[in-house]
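> Below is the file entry07.cif, which contains mmCIF, N, CA and C atoms.
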```cif
data_final
loop_
_atom_site.label_atom_id
_atom_site.label_comp_id
_atom_site.auth_asym_id
_atom_site.auth_seq_id
_atom_site.Cartn_x
_atom_site.Cartn_y
_atom_site.Cartn_z
N MET A 1 0.85 -1.17 0.00
CA MET A 1 0.00 0.00 0.00
C MET A 1 0.89 1.23 0.00
N SER A 2 0.43 2.25 -0.61
CA SER A 2 1.20 3.47 -0.76
C SER A 2 1.29 4.24 0.55
N ASP A 3 2.42 4.92 0.75
CA ASP A 3 2.57 5.78 1.92
C ASP A 3 1.77 7.06 1.77
N ASN A 4 1.26 7.32 0.55
CA ASN A 4 0.51 8.54 0.29
C ASN A 4 -0.94 8.44 0.69
N LEU A 5 -1.39 7.27 1.10
CA LEU A 5 -2.79 7.11 1.48
C LEU A 5 -3.08 7.88 2.76
N PRO A 6 -4.27 8.45 2.86
CA PRO A 6 -4.61 9.19 4.08
C PRO A 6 -4.77 8.23 5.25
N ALA A 7 -4.60 8.77 6.44
CA ALA A 7 -4.79 7.98 7.65
C ALA A 7 -6.27 7.62 7.77
N ILE A 8 -6.54 6.38 8.12
CA ILE A 8 -7.92 5.92 8.28
C ILE A 8 -8.13 5.66 9.76
N PRO A 9 -9.14 6.30 10.36
CA PRO A 9 -9.37 6.12 11.79
C PRO A 9 -9.49 4.65 12.16
N GLY A 10 -8.84 4.27 13.25
CA GLY A 10 -8.91 2.89 13.72
C GLY A 10 -7.90 1.98 13.07
N MET A 11 -7.14 2.48 12.09
CA MET A 11 -6.15 1.66 11.40
C MET A 11 -4.77 2.26 11.60
N ASN A 12 -3.78 1.42 11.88
CA ASN A 12 -2.41 1.88 12.04
C ASN A 12 -1.48 0.78 11.56
N ASN A 13 -1.07 0.87 10.31
CA ASN A 13 -0.16 -0.13 9.71
C ASN A 13 -0.67 -1.55 9.89
N GLY A 14 -1.94 -1.76 9.58
CA GLY A 14 -2.50 -3.10 9.63
C GLY A 14 -2.97 -3.53 11.01
N VAL A 15 -2.87 -2.66 12.01
CA VAL A 15 -3.33 -3.00 13.35
C VAL A 15 -4.35 -1.96 13.76
N THR A 16 -5.49 -2.40 14.27
CA THR A 16 -6.51 -1.45 14.70
C THR A 16 -6.07 -0.76 15.97
N SER A 17 -6.75 0.31 16.31
CA SER A 17 -6.38 1.07 17.51
C SER A 17 -6.58 0.25 18.78
N THR A 18 -7.35 -0.83 18.71
CA THR A 18 -7.53 -1.68 19.88
C THR A 18 -6.42 -2.71 20.01
N GLY A 19 -5.52 -2.77 18.99
CA GLY A 19 -4.40 -3.67 19.06
C GLY A 19 -4.61 -4.97 18.31
N SER A 20 -5.82 -5.25 17.84
CA SER A 20 -6.04 -6.49 17.10
C SER A 20 -5.71 -6.30 15.63
N ALA A 21 -5.41 -7.36 14.96
CA ALA A 21 -5.03 -7.27 13.55
C ALA A 21 -6.20 -6.79 12.72
N SER A 22 -5.91 -5.96 11.71
CA SER A 22 -6.97 -5.41 10.88
C SER A 22 -7.52 -6.44 9.90
N ASN A 23 -6.93 -7.63 9.86
CA ASN A 23 -7.47 -8.65 8.96
C ASN A 23 -8.54 -9.48 9.65
N GLY A 24 -8.97 -9.06 10.83
CA GLY A 24 -10.06 -9.73 11.52
C GLY A 24 -11.38 -9.42 10.82
N ASN A 25 -12.45 -9.97 11.36
CA ASN A 25 -13.75 -9.73 10.73
C ASN A 25 -14.63 -8.84 11.59
N GLY A 26 -14.01 -8.04 12.45
CA GLY A 26 -14.77 -7.12 13.29
C GLY A 26 -15.30 -5.93 12.50
N PHE A 27 -16.20 -5.21 13.14
CA PHE A 27 -16.87 -4.08 12.51
C PHE A 27 -15.86 -3.03 12.03
N LEU A 28 -14.96 -2.59 12.90
CA LEU A 28 -14.00 -1.55 12.53
C LEU A 28 -12.97 -2.05 11.53
N ALA A 29 -12.58 -3.31 11.63
CA ALA A 29 -11.58 -3.85 10.70
C ALA A 29 -12.12 -3.85 9.27
N LEU A 30 -13.35 -4.30 9.11
CA LEU A 30 -13.94 -4.33 7.77
C LEU A 30 -14.17 -2.92 7.25
N ALA A 31 -14.66 -2.03 8.10
CA ALA A 31 -14.87 -0.64 7.68
C ALA A 31 -13.54 0.00 7.29
N GLY A 32 -12.49 -0.28 8.04
CA GLY A 32 -11.17 0.27 7.72
C GLY A 32 -10.63 -0.25 6.40
N ARG A 33 -10.81 -1.56 6.15
CA ARG A 33 -10.32 -2.13 4.89
C ARG A 33 -11.07 -1.58 3.69
N THR A 34 -12.39 -1.41 3.81
CA THR A 34 -13.13 -0.88 2.67
C THR A 34 -12.81 0.60 2.47
N ALA A 35 -12.56 1.34 3.54
CA ALA A 35 -12.15 2.74 3.40
C ALA A 35 -10.79 2.83 2.72
N LYS A 36 -9.90 1.91 3.07
CA LYS A 36 -8.58 1.88 2.45
C LYS A 36 -8.68 1.52 0.96
N LEU A 37 -9.59 0.61 0.64
CA LEU A 37 -9.81 0.24 -0.76
C LEU A 37 -10.33 1.44 -1.55
N ALA A 38 -11.28 2.17 -0.98
CA ALA A 38 -11.83 3.35 -1.66
C ALA A 38 -10.76 4.41 -1.85
N ALA A 39 -9.93 4.63 -0.83
CA ALA A 39 -8.84 5.62 -0.94
C ALA A 39 -7.83 5.19 -1.99
N SER A 40 -7.51 3.91 -2.03
CA SER A 40 -6.56 3.41 -3.04
C SER A 40 -7.12 3.60 -4.45
N ALA A 41 -8.41 3.36 -4.60
CA ALA A 41 -9.04 3.55 -5.91
C ALA A 41 -8.98 5.01 -6.34
N LEU A 42 -9.17 5.92 -5.39
CA LEU A 42 -9.07 7.34 -5.73
C LEU A 42 -7.66 7.73 -6.15
N PHE A 43 -6.65 7.19 -5.46
CA PHE A 43 -5.26 7.48 -5.84
C PHE A 43 -4.94 6.88 -7.21
N LEU A 44 -5.46 5.69 -7.48
CA LEU A 44 -5.26 5.07 -8.79
C LEU A 44 -5.92 5.93 -9.87
N LYS A 45 -7.12 6.38 -9.59
CA LYS A 45 -7.84 7.21 -10.54
C LYS A 45 -7.06 8.50 -10.85
N GLU A 46 -6.54 9.12 -9.82
CA GLU A 46 -5.75 10.34 -10.00
C GLU A 46 -4.51 10.07 -10.84
N GLY A 47 -3.82 8.97 -10.53
CA GLY A 47 -2.62 8.61 -11.29
C GLY A 47 -2.93 8.30 -12.75
N MET A 48 -4.05 7.64 -12.99
CA MET A 48 -4.44 7.32 -14.36
C MET A 48 -4.81 8.57 -15.15
N HIS A 49 -5.41 9.57 -14.49
CA HIS A 49 -5.69 10.84 -15.16
C HIS A 49 -4.38 11.50 -15.59
N LEU A 50 -3.41 11.50 -14.70
CA LEU A 50 -2.11 12.09 -15.03
C LEU A 50 -1.44 11.32 -16.18
N LEU A 51 -1.49 9.99 -16.11
CA LEU A 51 -0.89 9.18 -17.17
C LEU A 51 -1.57 9.45 -18.51
N ARG A 52 -2.89 9.52 -18.49
CA ARG A 52 -3.62 9.74 -19.73
C ARG A 52 -3.23 11.07 -20.37
N SER A 53 -3.19 12.14 -19.58
CA SER A 53 -2.84 13.44 -20.16
C SER A 53 -1.39 13.45 -20.65
N HIS A 54 -0.50 12.79 -19.93
CA HIS A 54 0.91 12.72 -20.34
C HIS A 54 1.07 11.93 -21.64
N MET A 55 0.42 10.78 -21.71
CA MET A 55 0.51 9.96 -22.93
C MET A 55 -0.14 10.64 -24.13
N GLN A 56 -1.25 11.34 -23.91
CA GLN A 56 -1.90 12.04 -25.01
C GLN A 56 -1.01 13.18 -25.51
N ALA A 57 -0.36 13.90 -24.61
CA ALA A 57 0.56 14.97 -25.00
C ALA A 57 1.73 14.38 -25.80
N ASN A 58 2.26 13.25 -25.36
CA ASN A 58 3.36 12.61 -26.09
C ASN A 58 2.91 12.10 -27.45
N ALA A 59 1.69 11.58 -27.53
CA ALA A 59 1.15 11.10 -28.81
C ALA A 59 0.99 12.27 -29.78
N ASN A 60 0.49 13.39 -29.29
CA ASN A 60 0.35 14.57 -30.14
C ASN A 60 1.70 15.08 -30.62
N ALA A 61 2.69 15.07 -29.72
CA ALA A 61 4.04 15.51 -30.10
C ALA A 61 4.63 14.57 -31.15
N ALA A 62 4.42 13.27 -30.98
CA ALA A 62 4.95 12.30 -31.95
C ALA A 62 4.27 12.48 -33.31
N MET A 63 2.98 12.77 -33.32
CA MET A 63 2.29 12.99 -34.58
C MET A 63 2.80 14.26 -35.28
N ARG A 64 3.03 15.31 -34.50
CA ARG A 64 3.60 16.54 -35.08
C ARG A 64 4.99 16.26 -35.65
N LEU A 65 5.78 15.48 -34.92
CA LEU A 65 7.13 15.14 -35.39
C LEU A 65 7.06 14.35 -36.69
N SER A 66 6.15 13.40 -36.77
CA SER A 66 6.04 12.60 -38.00
C SER A 66 5.62 13.49 -39.18
N GLU A 67 4.74 14.47 -38.91
CA GLU A 67 4.34 15.40 -39.98
C GLU A 67 5.52 16.26 -40.43
N MET A 68 6.33 16.71 -39.46
CA MET A 68 7.52 17.50 -39.82
C MET A 68 8.52 16.65 -40.59
N CYS A 69 8.64 15.38 -40.20
CA CYS A 69 9.55 14.47 -40.92
C CYS A 69 9.06 14.26 -42.35
N GLY A 70 7.74 14.18 -42.51
CA GLY A 70 7.18 14.03 -43.85
C GLY A 70 7.48 15.26 -44.71
N GLN A 71 7.36 16.44 -44.13
CA GLN A 71 7.65 17.66 -44.86
C GLN A 71 9.14 17.78 -45.18
N ALA A 72 9.97 17.26 -44.28
CA ALA A 72 11.42 17.32 -44.49
C ALA A 72 11.92 16.17 -45.37
N GLU A 73 10.99 15.35 -45.84
CA GLU A 73 11.30 14.22 -46.71
C GLU A 73 12.29 13.24 -46.08
N VAL A 74 12.06 12.98 -44.78
CA VAL A 74 12.84 11.96 -44.07
C VAL A 74 12.42 10.61 -44.63
N GLU A 75 13.32 9.65 -44.58
CA GLU A 75 13.01 8.32 -45.11
C GLU A 75 11.68 7.82 -44.52
N PRO A 76 10.78 7.34 -45.37
CA PRO A 76 9.42 6.96 -44.93
C PRO A 76 9.38 5.93 -43.80
N ARG A 77 10.33 5.01 -43.75
CA ARG A 77 10.27 4.00 -42.68
C ARG A 77 10.44 4.63 -41.31
N PHE A 78 11.23 5.71 -41.20
CA PHE A 78 11.40 6.38 -39.91
C PHE A 78 10.14 7.18 -39.55
N THR A 79 9.57 7.81 -40.55
CA THR A 79 8.31 8.54 -40.33
C THR A 79 7.22 7.57 -39.89
N SER A 80 7.20 6.40 -40.49
CA SER A 80 6.21 5.38 -40.14
C SER A 80 6.41 4.90 -38.70
N MET A 81 7.66 4.74 -38.29
CA MET A 81 7.95 4.32 -36.90
C MET A 81 7.44 5.36 -35.91
N ILE A 82 7.62 6.63 -36.23
CA ILE A 82 7.16 7.70 -35.35
C ILE A 82 5.63 7.70 -35.28
N GLU A 83 4.97 7.48 -36.42
CA GLU A 83 3.50 7.40 -36.44
C GLU A 83 3.01 6.21 -35.63
N ASP A 84 3.71 5.08 -35.72
CA ASP A 84 3.34 3.90 -34.93
C ASP A 84 3.48 4.19 -33.43
N THR A 85 4.53 4.93 -33.09
CA THR A 85 4.72 5.31 -31.69
C THR A 85 3.57 6.19 -31.22
N SER A 86 3.17 7.13 -32.07
CA SER A 86 2.04 8.00 -31.73
C SER A 86 0.77 7.19 -31.52
N THR A 87 0.54 6.21 -32.38
CA THR A 87 -0.64 5.35 -32.26
C THR A 87 -0.60 4.55 -30.96
N ALA A 88 0.58 4.03 -30.62
CA ALA A 88 0.73 3.24 -29.39
C ALA A 88 0.50 4.13 -28.16
N LEU A 89 1.01 5.34 -28.18
CA LEU A 89 0.82 6.25 -27.06
C LEU A 89 -0.66 6.63 -26.90
N THR A 90 -1.35 6.79 -28.01
CA THR A 90 -2.78 7.07 -27.97
C THR A 90 -3.53 5.89 -27.36
N ALA A 91 -3.12 4.67 -27.71
CA ALA A 91 -3.74 3.47 -27.14
C ALA A 91 -3.54 3.41 -25.62
N VAL A 92 -2.34 3.78 -25.17
CA VAL A 92 -2.08 3.80 -23.73
C VAL A 92 -2.98 4.84 -23.05
N ALA A 93 -3.12 6.00 -23.67
CA ALA A 93 -3.98 7.04 -23.11
C ALA A 93 -5.43 6.55 -23.01
N GLU A 94 -5.90 5.87 -24.03
CA GLU A 94 -7.27 5.34 -24.00
C GLU A 94 -7.42 4.26 -22.94
N ALA A 95 -6.42 3.38 -22.82
CA ALA A 95 -6.48 2.31 -21.82
C ALA A 95 -6.45 2.90 -20.41
N SER A 96 -5.69 3.96 -20.21
CA SER A 96 -5.67 4.57 -18.88
C SER A 96 -7.02 5.20 -18.57
N GLY A 97 -7.72 5.66 -19.60
CA GLY A 97 -9.09 6.15 -19.41
C GLY A 97 -10.01 5.04 -18.94
N GLU A 98 -9.83 3.84 -19.48
CA GLU A 98 -10.62 2.69 -19.04
C GLU A 98 -10.29 2.32 -17.60
N MET A 99 -9.01 2.47 -17.23
CA MET A 99 -8.61 2.21 -15.84
C MET A 99 -9.24 3.22 -14.89
N VAL A 100 -9.38 4.46 -15.35
CA VAL A 100 -10.05 5.48 -14.54
C VAL A 100 -11.48 5.04 -14.27
N ASN A 101 -12.16 4.56 -15.30
CA ASN A 101 -13.53 4.09 -15.13
C ASN A 101 -13.60 2.92 -14.15
N ALA A 102 -12.66 1.98 -14.27
CA ALA A 102 -12.64 0.83 -13.36
C ALA A 102 -12.37 1.28 -11.92
N ALA A 103 -11.41 2.18 -11.74
CA ALA A 103 -11.09 2.67 -10.39
C ALA A 103 -12.28 3.43 -9.81
N ASP A 104 -12.98 4.17 -10.64
CA ASP A 104 -14.16 4.89 -10.19
C ASP A 104 -15.24 3.91 -9.72
N SER A 105 -15.41 2.82 -10.47
CA SER A 105 -16.38 1.79 -10.07
C SER A 105 -15.99 1.15 -8.74
N VAL A 106 -14.71 0.85 -8.56
CA VAL A 106 -14.25 0.26 -7.30
C VAL A 106 -14.50 1.23 -6.15
N ASP A 107 -14.18 2.49 -6.36
CA ASP A 107 -14.40 3.50 -5.33
C ASP A 107 -15.88 3.59 -4.96
N THR A 108 -16.73 3.68 -5.97
CA THR A 108 -18.17 3.78 -5.74
C THR A 108 -18.70 2.54 -5.02
N ASP A 109 -18.28 1.37 -5.47
CA ASP A 109 -18.74 0.12 -4.86
C ASP A 109 -18.24 -0.02 -3.42
N ALA A 110 -16.98 0.35 -3.18
CA ALA A 110 -16.44 0.26 -1.82
C ALA A 110 -17.16 1.21 -0.88
N ARG A 111 -17.43 2.42 -1.34
CA ARG A 111 -18.16 3.38 -0.51
C ARG A 111 -19.59 2.90 -0.27
N GLY A 112 -20.21 2.35 -1.31
CA GLY A 112 -21.57 1.81 -1.14
C GLY A 112 -21.60 0.67 -0.15
N PHE A 113 -20.61 -0.22 -0.25
CA PHE A 113 -20.53 -1.34 0.69
C PHE A 113 -20.31 -0.82 2.10
N ASN A 114 -19.41 0.14 2.23
CA ASN A 114 -19.12 0.69 3.56
C ASN A 114 -20.37 1.33 4.17
N ASN A 115 -21.11 2.07 3.36
CA ASN A 115 -22.34 2.70 3.86
C ASN A 115 -23.38 1.66 4.26
N ALA A 116 -23.56 0.63 3.42
CA ALA A 116 -24.52 -0.43 3.74
C ALA A 116 -24.09 -1.19 4.99
N HIS A 117 -22.80 -1.48 5.08
CA HIS A 117 -22.27 -2.18 6.25
C HIS A 117 -22.49 -1.35 7.51
N ASP A 118 -22.24 -0.06 7.40
CA ASP A 118 -22.42 0.83 8.54
C ASP A 118 -23.89 0.88 8.98
N ARG A 119 -24.79 1.01 8.03
CA ARG A 119 -26.23 1.04 8.35
C ARG A 119 -26.68 -0.26 9.01
N GLU A 120 -26.16 -1.37 8.50
CA GLU A 120 -26.59 -2.69 8.99
C GLU A 120 -26.03 -3.01 10.38
N TYR A 121 -24.73 -2.75 10.58
CA TYR A 121 -24.06 -3.25 11.77
C TYR A 121 -23.70 -2.20 12.81
N ARG A 122 -23.71 -0.91 12.48
CA ARG A 122 -23.34 0.12 13.46
C ARG A 122 -24.23 0.06 14.71
N PRO A 123 -25.57 -0.06 14.57
CA PRO A 123 -26.39 -0.11 15.80
C PRO A 123 -25.98 -1.26 16.75
N GLY A 124 -25.72 -2.42 16.18
CA GLY A 124 -25.29 -3.55 17.02
C GLY A 124 -23.93 -3.32 17.63
N TYR A 125 -23.04 -2.72 16.86
CA TYR A 125 -21.70 -2.42 17.36
C TYR A 125 -21.77 -1.43 18.51
N GLU A 126 -22.56 -0.37 18.33
CA GLU A 126 -22.70 0.64 19.38
C GLU A 126 -23.35 0.04 20.63
N ALA A 127 -24.39 -0.77 20.43
CA ALA A 127 -25.07 -1.40 21.57
C ALA A 127 -24.13 -2.34 22.30
N SER A 128 -23.34 -3.10 21.54
CA SER A 128 -22.40 -4.05 22.13
C SER A 128 -21.35 -3.33 22.96
N ASN A 129 -20.81 -2.24 22.41
CA ASN A 129 -19.77 -1.50 23.13
C ASN A 129 -20.34 -0.72 24.31
N GLY A 130 -21.58 -0.29 24.19
CA GLY A 130 -22.19 0.50 25.25
C GLY A 130 -22.73 -0.33 26.40
N SER A 131 -22.87 -1.64 26.22
CA SER A 131 -23.51 -2.47 27.25
C SER A 131 -22.61 -2.74 28.44
N GLY A 132 -21.31 -2.70 28.26
CA GLY A 132 -20.40 -3.00 29.35
C GLY A 132 -20.24 -4.49 29.62
N VAL A 133 -20.94 -5.31 28.86
CA VAL A 133 -20.86 -6.76 29.01
C VAL A 133 -19.92 -7.29 27.94
N ARG A 134 -19.03 -8.16 28.35
CA ARG A 134 -18.10 -8.74 27.39
C ARG A 134 -18.86 -9.56 26.34
N GLN A 135 -18.58 -9.30 25.07
CA GLN A 135 -19.29 -9.95 23.98
C GLN A 135 -18.42 -11.05 23.35
N ALA A 136 -19.10 -11.98 22.69
CA ALA A 136 -18.37 -13.03 21.96
C ALA A 136 -17.61 -12.39 20.80
N LYS A 137 -16.52 -13.00 20.41
CA LYS A 137 -15.75 -12.49 19.28
C LYS A 137 -16.59 -12.56 18.01
N PRO A 138 -16.34 -11.64 17.06
CA PRO A 138 -17.09 -11.68 15.80
C PRO A 138 -16.92 -13.03 15.11
N GLY A 139 -18.01 -13.59 14.65
CA GLY A 139 -17.98 -14.87 13.96
C GLY A 139 -18.16 -16.07 14.87
N PHE A 140 -18.19 -15.86 16.20
CA PHE A 140 -18.30 -16.97 17.14
C PHE A 140 -19.56 -17.78 16.89
N TYR A 141 -20.68 -17.11 16.77
CA TYR A 141 -21.94 -17.83 16.62
C TYR A 141 -22.04 -18.53 15.27
N ARG A 142 -21.37 -18.01 14.29
CA ARG A 142 -21.37 -18.68 12.98
C ARG A 142 -20.62 -20.00 13.05
N ARG A 143 -19.53 -20.04 13.80
CA ARG A 143 -18.75 -21.29 13.92
C ARG A 143 -19.50 -22.35 14.71
N THR A 144 -20.28 -21.93 15.70
CA THR A 144 -20.97 -22.92 16.54
C THR A 144 -22.33 -23.30 15.97
N GLY A 145 -22.78 -22.61 14.95
CA GLY A 145 -24.07 -22.91 14.36
C GLY A 145 -25.22 -22.22 15.06
N ARG A 146 -24.93 -21.48 16.15
CA ARG A 146 -25.97 -20.75 16.87
C ARG A 146 -26.08 -19.35 16.29
N ARG A 147 -27.25 -18.78 16.37
CA ARG A 147 -27.44 -17.41 15.91
C ARG A 147 -28.30 -16.66 16.82
#
```
I need this file expressed as structure tokens, please.

Amino acid sequence: MSDNLPAIPGMNNGVTSTGSASNGNGFLALAGRTAKLAASALFLKEGMHLLRSHMQANANAAMRLSEMCGQAEVEPRFTSMIEDTSTALTAVAEASGEMVNAADSVDTDARGFNNAHDREYRPGYEASNGSGVRQAKPGFYRRTGRR
């Protein structure tokens, strides 16, 4: 994971603020992981936007260069190589646009999941923590078949 990701409450280098591993199935661990996924998707999206604009600028420059080579009557095979490079750079720019769309979908889905998870389980989490009674570990009742 990138060091550029924002701090997520309850998460500290893979360990929750309570000291348990963030790979558990507790309420805060899952919320932290989905928040981290959404943040990573946003950083990917930002990087892909930068890549797309950079590759498109390079493709345009390569196309201008091939046109100048054509006017200067440079050997056609070299002009063709430059045009092929421009085409390849344009393809990279388009593919990075598709990655932006995919990262946007991941971000939207992760946020939607986090919101649904919060609506579903926050009341139980708050009640459990507010009761003062020690609760079974998450997943305990699923393992024993009791619910």
> Using only C-alpha atoms, which residues sit within 9 Å of stretch 97-105 of chain A once same-chain residues fewer than 2 positions away are excluded, as JSON, numbers by chain?
{"A": [38, 40, 41, 42, 43, 44, 45, 46, 47, 48, 49, 52, 92, 93, 94, 95, 107, 108, 109, 110]}
> Using all atoms listed in the file, which protein or nucleic acid residues come within 8 Å of A:Leu65? Drop anything in the same chain fewer than 5 positions from it, and give the result as a list in words.
Ala59, Asn60, Gly70, Gln71, Thr79, Ile82 and Glu83 of chain A
> Find the residue from A:Lys137, A:His117, A:Ser96, A:Arg77 that sits nearest to A:Ser53; use only N, CA and C atoms when measuring.
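Ranking A:Lys137, A:His117, A:Ser96, A:Arg77 by distance to A:Ser53, first place goes to A:Ser96.
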> Please report, as a ChimeraX atom specification, each residue of chain A to which DSSP assigns helix (DSSP H, G or I) when run on this structure's backbone.
/A:27-71,76-131,140-144
> State, in Å with one decimal place, the distance from atom C of A:Met68 to atom C of A:Ala91.
23.3 Å
> Pick out the residues sitting within 8 Å of A:Ala35, and hand them over as a list in words; count only N, CA and C atoms, and ignore anything fewer than 4 positions along from it in its own chain.
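Within the cut-off, the hits are Ile8, Ala29, Leu30, Ala31, Ala39, Ser40, Ala41, Ala110, Arg111 and Asn114 of chain A.
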> Restrict the selected residues to N, CA and C atoms and save them as an mmCIF file, in the frame of the given file.

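And here's out07.cif as it stands now:
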```cif
data_model
loop_
_atom_site.group_PDB
_atom_site.id
_atom_site.type_symbol
_atom_site.label_atom_id
_atom_site.label_comp_id
_atom_site.auth_asym_id
_atom_site.auth_seq_id
_atom_site.Cartn_x
_atom_site.Cartn_y
_atom_site.Cartn_z
ATOM 1 N N ILE A 8 -6.540 6.380 8.120
ATOM 2 C CA ILE A 8 -7.920 5.920 8.280
ATOM 3 C C ILE A 8 -8.130 5.660 9.760
ATOM 4 N N ALA A 29 -12.580 -3.310 11.630
ATOM 5 C CA ALA A 29 -11.580 -3.850 10.700
ATOM 6 C C ALA A 29 -12.120 -3.850 9.270
ATOM 7 N N LEU A 30 -13.350 -4.300 9.110
ATOM 8 C CA LEU A 30 -13.940 -4.330 7.770
ATOM 9 C C LEU A 30 -14.170 -2.920 7.250
ATOM 10 N N ALA A 31 -14.660 -2.030 8.100
ATOM 11 C CA ALA A 31 -14.870 -0.640 7.680
ATOM 12 C C ALA A 31 -13.540 0.000 7.290
ATOM 13 N N ALA A 39 -9.930 4.630 -0.830
ATOM 14 C CA ALA A 39 -8.840 5.620 -0.940
ATOM 15 C C ALA A 39 -7.830 5.190 -1.990
ATOM 16 N N SER A 40 -7.510 3.910 -2.030
ATOM 17 C CA SER A 40 -6.560 3.410 -3.040
ATOM 18 C C SER A 40 -7.120 3.600 -4.450
ATOM 19 N N ALA A 41 -8.410 3.360 -4.600
ATOM 20 C CA ALA A 41 -9.040 3.550 -5.910
ATOM 21 C C ALA A 41 -8.980 5.010 -6.340
ATOM 22 N N ALA A 110 -16.980 0.350 -3.180
ATOM 23 C CA ALA A 110 -16.440 0.260 -1.820
ATOM 24 C C ALA A 110 -17.160 1.210 -0.880
ATOM 25 N N ARG A 111 -17.430 2.420 -1.340
ATOM 26 C CA ARG A 111 -18.160 3.380 -0.510
ATOM 27 C C ARG A 111 -19.590 2.900 -0.270
ATOM 28 N N ASN A 114 -19.410 0.140 2.230
ATOM 29 C CA ASN A 114 -19.120 0.690 3.560
ATOM 30 C C ASN A 114 -20.370 1.330 4.170
#
```
> What is the distance, in Å and to one decimal place, between atom CA of A:Met81 and atom C of A:Glu67?
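It comes out at 12.7 Å.
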> When you draw a straight line from atom N of A:His54 to atom N of A:Ala88, how long is it in Å?
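Value for the atom N of A:His54-atom N of A:Ala88 distance: 13.9 Å.
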> So, with only C-alpha atoms as the atoms that count, which of A:Gly32, A:Gly26, A:Gly112, A:Pro76 lies closest to A:Gln135?
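Closest residue, counting only C-alpha atoms: A:Gly26.
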> Could you check which of A:Ala116, A:Ala72, A:Met55, A:Met63 is closest to A:Thr90, using all atoms listed in the file?
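Under the stated criterion, the closest residue is A:Met55.
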> To test your reading of the structure, identify every residue in chain A that backbone DSSP assigns to strand (DSSP E), and report it as a ChimeraX atom specification.
/A:11-12,15-16
> Please write a file for stretch 87-92 of chain A, taken from the block I just shared, that holds all heavy atoms and is laid out as a short mmCIF file (atom, residue, chain, number, x, y, z; two decimals), in the first residue's frame.

```cif
data_model
loop_
_atom_site.label_atom_id
_atom_site.label_comp_id
_atom_site.auth_asym_id
_atom_site.auth_seq_id
_atom_site.Cartn_x
_atom_site.Cartn_y
_atom_site.Cartn_z
N THR A 87 0.54 6.21 -32.38
CA THR A 87 -0.64 5.35 -32.26
C THR A 87 -0.60 4.55 -30.96
O THR A 87 -1.61 4.42 -30.26
CB THR A 87 -0.73 4.41 -33.47
OG1 THR A 87 -0.79 5.19 -34.66
CG2 THR A 87 -1.95 3.51 -33.38
N ALA A 88 0.58 4.03 -30.62
CA ALA A 88 0.73 3.24 -29.39
C ALA A 88 0.50 4.13 -28.16
O ALA A 88 -0.16 3.70 -27.19
CB ALA A 88 2.10 2.60 -29.33
N LEU A 89 1.01 5.34 -28.18
CA LEU A 89 0.82 6.25 -27.06
C LEU A 89 -0.66 6.63 -26.90
O LEU A 89 -1.17 6.75 -25.79
CB LEU A 89 1.68 7.51 -27.23
CG LEU A 89 3.19 7.29 -27.08
CD1 LEU A 89 3.95 8.53 -27.51
CD2 LEU A 89 3.55 6.90 -25.66
N THR A 90 -1.35 6.79 -28.01
CA THR A 90 -2.78 7.07 -27.97
C THR A 90 -3.53 5.89 -27.36
O THR A 90 -4.46 6.06 -26.56
CB THR A 90 -3.32 7.39 -29.38
OG1 THR A 90 -2.64 8.54 -29.88
CG2 THR A 90 -4.80 7.65 -29.36
N ALA A 91 -3.12 4.67 -27.71
CA ALA A 91 -3.74 3.47 -27.14
C ALA A 91 -3.54 3.41 -25.62
O ALA A 91 -4.45 3.04 -24.88
CB ALA A 91 -3.20 2.22 -27.81
N VAL A 92 -2.34 3.78 -25.17
CA VAL A 92 -2.08 3.80 -23.73
C VAL A 92 -2.98 4.84 -23.05
O VAL A 92 -3.54 4.59 -21.99
CB VAL A 92 -0.59 4.09 -23.43
CG1 VAL A 92 -0.36 4.34 -21.95
CG2 VAL A 92 0.27 2.93 -23.91
#
```
